[in-house]
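Comments concern the structure below.
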Amino acid sequence: MANRTIYTRAYSTDSPRQLVSDEIPKAPEDILIVFIEVPHTEDATSTRIHDARVLAEESNLADAERFRYEKLFEWEIPETCVLHRVSLQTLLERGIEERFGLGEYLDSEQQLPFPSTRALKDRISNNLRWELGVGLYLGFFAKTFGARAPLGWIAHQLFVDCRPRWISLSTYDDWDEELDLVLIDWWLTSDEFVMSVKMWEMEKKATEDRMMDSEIELWEKWHEPGCRRDSCVECISEEDMREYEMERDKLDALEKVYRAEFEKEAIRLGL
């Protein structure tokens with residue numbers, strides 16, 4: 001975890017600039033939390049990345065050390081840096097408000113705002129005050145974000161940010177066994193979870209194969225042998241072009257529906 005630079009941000013599902021600065025809406029289902037990993041080989045990326053602490057020091061800002069975990073992307077954060085997305089509604093449905101003390105801050109219609117960061121931190125810190133069961137608590141917290149999330153990083157970061165002052169950072173490794181019990185033994189390697197994910201993967205692969213066959217059929221219908229991929233049949237009429245575009249749009253829409261359905265099932269499985 002120490003060798004990975006990961007951070008999070010939240011944005012609206014309706015925003016046209018989701019990975020750029022944006023205002024956060026009130027409804028939990030409209031809020032996505034995204035985990036972003038900064039690659040080690042930053043020079044190899046198409047988006048320039050800057051160390052916020054270095055920029056703060058160069059600007060002579062006081063307490064530049066507080067920016068040590070921050071990275072700044074020029075323009076939009078590239079999708080290649082996105083590890084995982086999860087909606088706030090999904091976290092609520094997985095019980096994060098009951099287990100970790102968010103429920104009392106939601107009204108009957110589950111509308112925000114949440115309490116201040118300080119209030120939540122104090123509540124979680126209070127839950128971490130007992131040395132017994134800390135690993136279980138951290139593991140269950142990480143689990144709510146899904147199997148595709150950086151689980152170890154989430155558990156470690158929660159401990160670093162919210163631990164009571166009298167608990168040393170060096171004690172984190174003492175709870176590895178409890179973390180593994182929750183995340184690995186009771187969940188990721190359980191027969192039920194493994195079989196469910198395998199069935200999901202097989203069905204997803206079969207659907208993707210069928211979609212690929214449809215793509216090939218569309219290509220063969222409207223393109224001459226040996227032509228470039230983006231070149232339609234020469235001298236195609238406007239009427240035929242409209243028909244081609246309608247078939248293309250229909251196929252794209254169907255693929256979008258399938259992807260949404262499989263993602264919905266993935267969330268249900270805990271991915």
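Ordering of the structure tokens sets the chain letters (A, B, ...), residue numbers begin anew at 1 in every chain, and ligands are numbered from 1 in the order given.
Residues lying within 6 Å of Ala52 (chain A), counting only C-alpha atoms and ignoring same-chain neighbours fewer than 2 positions away, are Val54, Leu55, Phe67, Glu70 and Lys71 of chain A.
You will find CA of Glu245 (chain A) at 29.3 Å from CA of Pro78 (chain A).
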inquiry  = Can you tell me which residues surround region 132-137 of chain A at a distance of at most 6 Å, considering only C-alpha atoms, apart from same-chain residues fewer than 4 positions away, and format the answer as a VMD selection string?
reply    = chain A and resid 128 175 178 to 179
Please, could you write that set of residues out with N, CA and C atoms as an mmCIF file, in the first residue's frame?
```cif
data_model
loop_
_atom_site.group_PDB
_atom_site.id
_atom_site.type_symbol
_atom_site.label_atom_id
_atom_site.label_comp_id
_atom_site.auth_asym_id
_atom_site.auth_seq_id
_atom_site.Cartn_x
_atom_site.Cartn_y
_atom_site.Cartn_z
ATOM 1 N N LEU A 128 -13.033 2.743 16.614
ATOM 2 C CA LEU A 128 -11.725 2.094 16.544
ATOM 3 C C LEU A 128 -10.989 2.097 17.888
ATOM 4 N N TRP A 175 -3.401 -6.485 12.825
ATOM 5 C CA TRP A 175 -4.767 -6.875 12.487
ATOM 6 C C TRP A 175 -4.879 -7.508 11.106
ATOM 7 N N GLU A 178 -7.203 -10.549 11.083
ATOM 8 C CA GLU A 178 -8.625 -10.217 11.107
ATOM 9 C C GLU A 178 -9.082 -9.684 9.751
ATOM 10 N N LEU A 179 -8.249 -8.862 9.113
ATOM 11 C CA LEU A 179 -8.585 -8.350 7.783
ATOM 12 C C LEU A 179 -8.736 -9.488 6.783
#
```
All residues 10 Å or closer to region 188-203 of chain A, only C-alpha atoms, same chain fewer than 6 positions away omitted, as a list in words = Lys143, Ala147, Asp180, Leu181, Val182, Asp209, Phe262, Glu265, Ala266, Leu269, Gly270 and Leu271 of chain A
Please dump the current selection as a short mmCIF file (atom, residue, chain, number, x, y, z; two decimals), in the first residue's frame; keep N, CA and C atoms.
```cif
data_model
loop_
_atom_site.label_atom_id
_atom_site.label_comp_id
_atom_site.auth_asym_id
_atom_site.auth_seq_id
_atom_site.Cartn_x
_atom_site.Cartn_y
_atom_site.Cartn_z
N LYS A 143 -15.17 -3.76 2.64
CA LYS A 143 -16.02 -4.66 1.86
C LYS A 143 -17.20 -3.94 1.23
N ALA A 147 -15.64 -5.78 -4.38
CA ALA A 147 -14.42 -6.57 -4.59
C ALA A 147 -13.47 -5.94 -5.59
N ASP A 180 -7.78 -10.41 6.79
CA ASP A 180 -7.84 -11.55 5.88
C ASP A 180 -9.07 -12.41 6.15
N LEU A 181 -9.44 -12.51 7.41
CA LEU A 181 -10.61 -13.31 7.77
C LEU A 181 -11.87 -12.75 7.12
N VAL A 182 -12.03 -11.42 7.20
CA VAL A 182 -13.21 -10.77 6.64
C VAL A 182 -13.18 -10.76 5.11
N ASP A 209 -19.58 -12.27 -26.86
CA ASP A 209 -19.33 -13.02 -28.10
C ASP A 209 -20.49 -12.83 -29.09
N PHE A 262 -25.21 -6.01 -16.87
CA PHE A 262 -24.14 -6.78 -16.25
C PHE A 262 -23.49 -6.00 -15.10
N GLU A 265 -25.77 -6.37 -12.14
CA GLU A 265 -25.60 -7.68 -11.53
C GLU A 265 -24.28 -7.77 -10.77
N ALA A 266 -23.24 -7.14 -11.32
CA ALA A 266 -21.94 -7.13 -10.64
C ALA A 266 -22.04 -6.45 -9.28
N LEU A 269 -23.71 -8.68 -6.80
CA LEU A 269 -22.83 -9.75 -6.32
C LEU A 269 -21.77 -9.24 -5.35
N GLY A 270 -21.59 -7.92 -5.32
CA GLY A 270 -20.59 -7.36 -4.42
C GLY A 270 -19.28 -7.03 -5.09
N LEU A 271 -19.29 -6.93 -6.42
CA LEU A 271 -18.06 -6.59 -7.14
C LEU A 271 -17.82 -5.08 -7.12
#
```
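Distances from A:Leu91, A:Ala119, A:Val34, A:Ala10 to Cys162 (chain A) were compared using only C-alpha atoms, and the smallest one belongs to A:Ala119.
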remark   = Restricting to only C-alpha atoms, whichever of A:Arg9, A:Arg129, A:Leu72, A:Phe140 is closest to Trp186 (chain A) is A:Phe140
ask   = Contacts of Glu208 (chain A) at 9 Å or less, counting only C-alpha atoms, minus same-chain residues fewer than 5 places along, as JSON, numbers by chain?
value = {"A": [203, 213, 255, 258]}
Given the selection you just returned, output its residues as a file containing C-alpha atoms, formatted as a PDB file, in the first residue's frame.
```
ATOM      1  CA  GLU A 203     -22.650 -15.168 -19.050  1.00  0.00           C
ATOM      2  CA  ASP A 213     -20.946 -11.728 -34.031  1.00  0.00           C
ATOM      3  CA  GLU A 255     -24.661  -3.075 -26.228  1.00  0.00           C
ATOM      4  CA  TYR A 258     -26.255  -5.219 -21.875  1.00  0.00           C
TER       5      TYR A 258
END
```
key: Residue neighbourhood Val38 (chain A), 7 Å, only C-alpha atoms, exclusion window fewer than 5 positions, as a ChimeraX atom specification   = /A:5-6,81
Could you name the residues that touch Arg163 (chain A) at 10 Å or less, counting only C-alpha atoms, but leaving out those on the same chain fewer than 3 positions away, as a CSV table (one decimal) with N, CA and C atoms, in the first residue's frame?
```csv
chain,number,residue,atom,x,y,z
A,121,LYS,N,-15.3,11.6,11.3
A,121,LYS,CA,-14.0,11.1,11.7
A,121,LYS,C,-14.0,10.7,13.2
A,122,ASP,N,-14.7,11.6,14.0
A,122,ASP,CA,-14.7,11.4,15.4
A,122,ASP,C,-15.6,10.1,15.7
A,124,ILE,N,-16.0,7.4,13.7
A,124,ILE,CA,-15.2,6.2,13.3
A,124,ILE,C,-14.1,6.0,14.3
A,125,SER,N,-13.4,7.1,14.7
A,125,SER,CA,-12.4,7.0,15.7
A,125,SER,C,-12.9,6.4,17.0
A,126,ASN,N,-14.1,6.7,17.4
A,126,ASN,CA,-14.7,6.1,18.6
A,126,ASN,C,-14.9,4.6,18.4
A,127,ASN,N,-15.3,4.2,17.2
A,127,ASN,CA,-15.5,2.8,16.9
A,127,ASN,C,-14.1,2.0,16.9
A,128,LEU,N,-13.0,2.7,16.6
A,128,LEU,CA,-11.7,2.1,16.5
A,128,LEU,C,-11.0,2.1,17.9
A,129,ARG,N,-11.6,2.6,18.9
A,129,ARG,CA,-10.9,2.8,20.2
A,129,ARG,C,-10.6,1.4,20.9
A,134,VAL,N,-10.5,-4.5,15.7
A,134,VAL,CA,-10.3,-3.4,14.8
A,134,VAL,C,-10.1,-3.9,13.4
A,157,GLN,N,-6.1,3.2,4.9
A,157,GLN,CA,-6.3,4.7,4.9
A,157,GLN,C,-7.3,5.1,6.0
A,158,LEU,N,-8.3,4.3,6.1
A,158,LEU,CA,-9.3,4.6,7.2
A,158,LEU,C,-8.6,4.5,8.6
A,159,PHE,N,-7.8,3.6,8.8
A,159,PHE,CA,-7.1,3.5,10.0
A,159,PHE,C,-6.1,4.7,10.2
A,160,VAL,N,-5.4,5.0,9.2
A,160,VAL,CA,-4.4,6.1,9.3
A,160,VAL,C,-5.2,7.4,9.6
A,166,TRP,N,-4.0,7.5,20.7
A,166,TRP,CA,-3.2,6.6,21.5
A,166,TRP,C,-2.9,5.3,20.9
A,167,ILE,N,-3.5,5.0,19.7
A,167,ILE,CA,-3.1,3.8,19.0
A,167,ILE,C,-2.1,4.1,17.9
A,168,SER,N,-1.0,3.4,18.0
A,168,SER,CA,0.2,3.7,17.1
A,168,SER,C,-0.1,3.2,15.7
A,169,LEU,N,0.5,3.9,14.7
A,169,LEU,CA,0.3,3.4,13.3
A,169,LEU,C,1.0,2.0,13.1
A,172,TYR,N,-1.0,-1.4,13.0
A,172,TYR,CA,-1.9,-1.8,11.9
A,172,TYR,C,-1.6,-3.3,11.5
```
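The coordinates place CA of Asp252 (chain A) at 13.4 Å from CA of Trp219 (chain A).
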request  = Can you work out the spacing between CA of Asp63 (chain A) and CA of Asp51 (chain A) in Å, to one decimal?
outcome  = 14.7 Å
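Distance check against Lys205 (chain A) using only C-alpha atoms: of A:Arg242, A:Arg259, A:Ala253, A:Ile96, the minimum falls on A:Arg259.
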